[in-house]
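Visitor: Structure below; questions to follow.
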Amino acid sequence: MSRQTHSVRLVSDAREAARILVDEIAELAAKRRGQGRSLVLGLATGGTPIAVYEELVSRVAAGRLDTSDFVAFNLDEYCGLTTADPRSFAQWMRARLFDPLAWPAGRTHIPAGDLGPSARARHCAEYEQAIRDAGGIDLQLLGLGRNGHIGFNEPGSSRDSRTRAVDLAPDTRTDAAAQFSPREVPTQALTMGVATILEARRVRLLAFGAHKRPALTRTLGGPAGPDCPASFLLEHGDVQFFADRDALGSYS
Ligand code: PGA
C-alpha cells in the first residue's frame, strides 16, 4: 500500500501533469546523452496524452528542449488501416507530434495496421526486436481505458503477453466509434503486450476525469490481474500514476 501511495500523483489537470512529465523527459534525455545514448520513449494515442505532446512541441518551438535525437515506439494501431489513413494512429501521431517536431520516420515506430493476418505475427516479433535493438524503452507513457486496458491490452490480457493482434473490447469500439462510420469501426488492433510495457524502465500512466475513476480505483487497489490489465503496473518498480481529483476519487 505504501508503494502505491508513493507512486500516485494528484494533479489539477492534464496540463500540470504534462509540465511535470516533460520536465522528467528533458532530464532523462540529458542523462542519456551523457551516456552517449538517445532517449527512447514509448508513446500513446487518445485524448489523454495530448497535453504532453502540446508541451513537448511548445518547448521545442521556444528553444527550451531538443528532441532531435529522440526515438519513439507507439503502443498500438488499428488493423485494417493504412498508415496514410487519416483515422490511423500513424497519422494522428504525425499531426500531433512527429511532424511538428520534425522527427524522421526512421526514429518513429508504430505497429503496421495494414498487414494481412498471416504477416502479423512476424511483424509483431520484429517490433519487439526493434525495441530491444534501440536499447529498450526508457519511459513509457500510458493512458487508461475505461475498462482498464493499457495500449489495447483488453481485459483478459495476460501478464506475459507480447506485441500481437487482439480483438477490441466492446467498450473500446464504442469509444472509437466517433472516428468511424458504424460499419467501419475496427474489430482488431496490434498492440504491445503487457510484458512489453512492463519492460520499460519507467512507466507513467495518466488518467483524467470521472469516467476513468472505476478503472483507476481497480488498478490502484490491486491485486494485479487480467481483469484489469493496468493493475499489472503495480508489479513495476518505477511506475507513477498521474491523475486529477475526478479520476482519483477517494484516493485523492
Ligand atoms: P483516452 O483513451 O486517452 O482517449 O481517454 C485512453 C485509452 O483508452 O487508453
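Chain labels A, B, ... are given in the sequence in which chains occur in the C-alpha cells; within each chain residues are numbered consecutively from 1, and ligands are likewise numbered from 1 in the order shown.
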Got a sec to check which residues lie within 8 Å of ligand 1, using only C-alpha atoms and all ligand atoms, and send them as a list in words?
Guide: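 Every residue with an atom at most 8 Å from ligand 1 is listed here: Ala44, Thr45, Gly46, Gly47, Thr48, Pro49, Leu142, Gly143, Leu144, Gly145, Arg146, His149, Ile150, Gly151, Phe152, Thr172, Asp175, Ala207, Phe208 and Lys212 of chain A.
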Visitor: List every residue of region 132-192 of chain A that has an atom at most 9 Å from any atom of region 102-124 of chain A, and for each one report the closest atom pair and its distance in Å to one decimal, counting only C-alpha atoms, with rows sorted by chain and then by increasing residue number, as a tab-separated table.
Guide:
residue	atom	partner	partner_atom	distance
A:Arg162	CA	A:Cys124	CA	8.2
A:Thr163	CA	A:Cys124	CA	5.3
A:Arg164	CA	A:Cys124	CA	5.7
A:Ala165	CA	A:Arg120	CA	7.0
A:Ala189	CA	A:Gly113	CA	7.0
A:Leu190	CA	A:Pro111	CA	6.3
A:Thr191	CA	A:Pro111	CA	7.3
A:Met192	CA	A:Cys124	CA	8.2
Visitor: Suppose you want the space between CA of Phe242 (chain A) and CA of Ser7 (chain A); what is it in Å?
Guide: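 Calculated distance between CA of Phe242 (chain A) and CA of Ser7 (chain A) is 8.6 Å.
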Visitor: Near Arg202 (chain A), within 7 Å and counting only C-alpha atoms, which residues show up once chain neighbours fewer than 5 positions away are dropped, as a PDB file with C-alpha atoms, in the first residue's frame?
Guide:
ATOM      1  CA  ASP A 138      13.297   4.457 -21.183  1.00  0.00           C
ATOM      2  CA  LEU A 139       9.892   5.932 -20.409  1.00  0.00           C
ATOM      3  CA  GLN A 140       6.505   4.576 -21.439  1.00  0.00           C
ATOM      4  CA  ASP A 238       9.192   2.561 -11.352  1.00  0.00           C
ATOM      5  CA  VAL A 239       5.602   3.438 -12.174  1.00  0.00           C
TER       6      VAL A 239
END
Visitor: Between A:Pro170, A:Gly209, A:Gly136, A:Gly80, which residue has the minimum interatomic distance to Val40 (chain A), considering only C-alpha atoms?
Guide: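 Once distances to Val40 (chain A) are computed over only C-alpha atoms, the minimum belongs to A:Gly136.
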Visitor: Could you give me, as a PDB file with C-alpha atoms, in the first residue's frame, the residues within 9 Å of Thr67 (chain A), counting only C-alpha atoms and dropping anything in the same chain fewer than 5 positions from it?
Guide:
ATOM      1  CA  ALA A  26      14.086  16.565 -20.555  1.00  0.00           C
ATOM      2  CA  ALA A  29      17.194  12.873 -22.293  1.00  0.00           C
ATOM      3  CA  LEU A  39      16.171   8.751 -25.227  1.00  0.00           C
ATOM      4  CA  LEU A  56       6.793  18.974 -25.974  1.00  0.00           C
ATOM      5  CA  VAL A  60      10.875  22.757 -28.702  1.00  0.00           C
ATOM      6  CA  LEU A 101       8.936  18.116 -34.037  1.00  0.00           C
ATOM      7  CA  TRP A 103      11.103  13.563 -36.220  1.00  0.00           C
TER       8      TRP A 103
END
Visitor: Taking only C-alpha atoms into account, which of A:Arg94, A:Leu216, A:Val22, A:Val166 comes nearest Cys228 (chain A)?
Guide: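 Comparing A:Arg94, A:Leu216, A:Val22, A:Val166 against Cys228 (chain A), the winner is A:Leu216.
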Visitor: Can you check which residues of region 7-241 of chain A DSSP gives as helix (DSSP H, G or I) on the backbone and send them as a ChimeraX atom specification?
Guide: /A:7,14-34,50-61,89-98,105-107,117-133,170-179,182-184,194-198,210-221,229-235
Visitor: Go through A:Ala62, A:Leu28, A:Ala84, A:Leu168 and flag the residue nearest Gly156 (chain A), using only C-alpha atoms for the distances.
Guide: A:Leu168
Visitor: Would you pick out the contacts of Ala210 (chain A) at 12 Å or less, using only C-alpha atoms, so that residues sharing its chain but fewer than 5 positions from it are not included, and give the list as a ChimeraX atom specification?
Guide: /A:146,215-217,243-250
Visitor: Can you measure CA of Ala14 (chain A) to CA of Phe232 (chain A) for me? One decimal in Å is fine.
Guide: 23.3 Å
Visitor: Quick one: residues within 7 Å of Ile137 (chain A), only C-alpha atoms, excluding same-chain residues fewer than 6 positions away - as a list in words?
Guide: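 Returned residues: Val40, Leu41, Gly42, Ile131, Ala200 and Arg201 of chain A.
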Visitor: Please, what distance in Å, to one decimal, runs between CA of Pro226 (chain A) and CA of Arg159 (chain A)?
Guide: 7.1 Å
Visitor: Find the residue from A:Val57, A:Leu234, A:Ala95, A:Cys79 that sits nearest to Asp167 (chain A); use only C-alpha atoms when measuring.
Guide: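 Under the stated criterion, the closest residue is A:Cys79.
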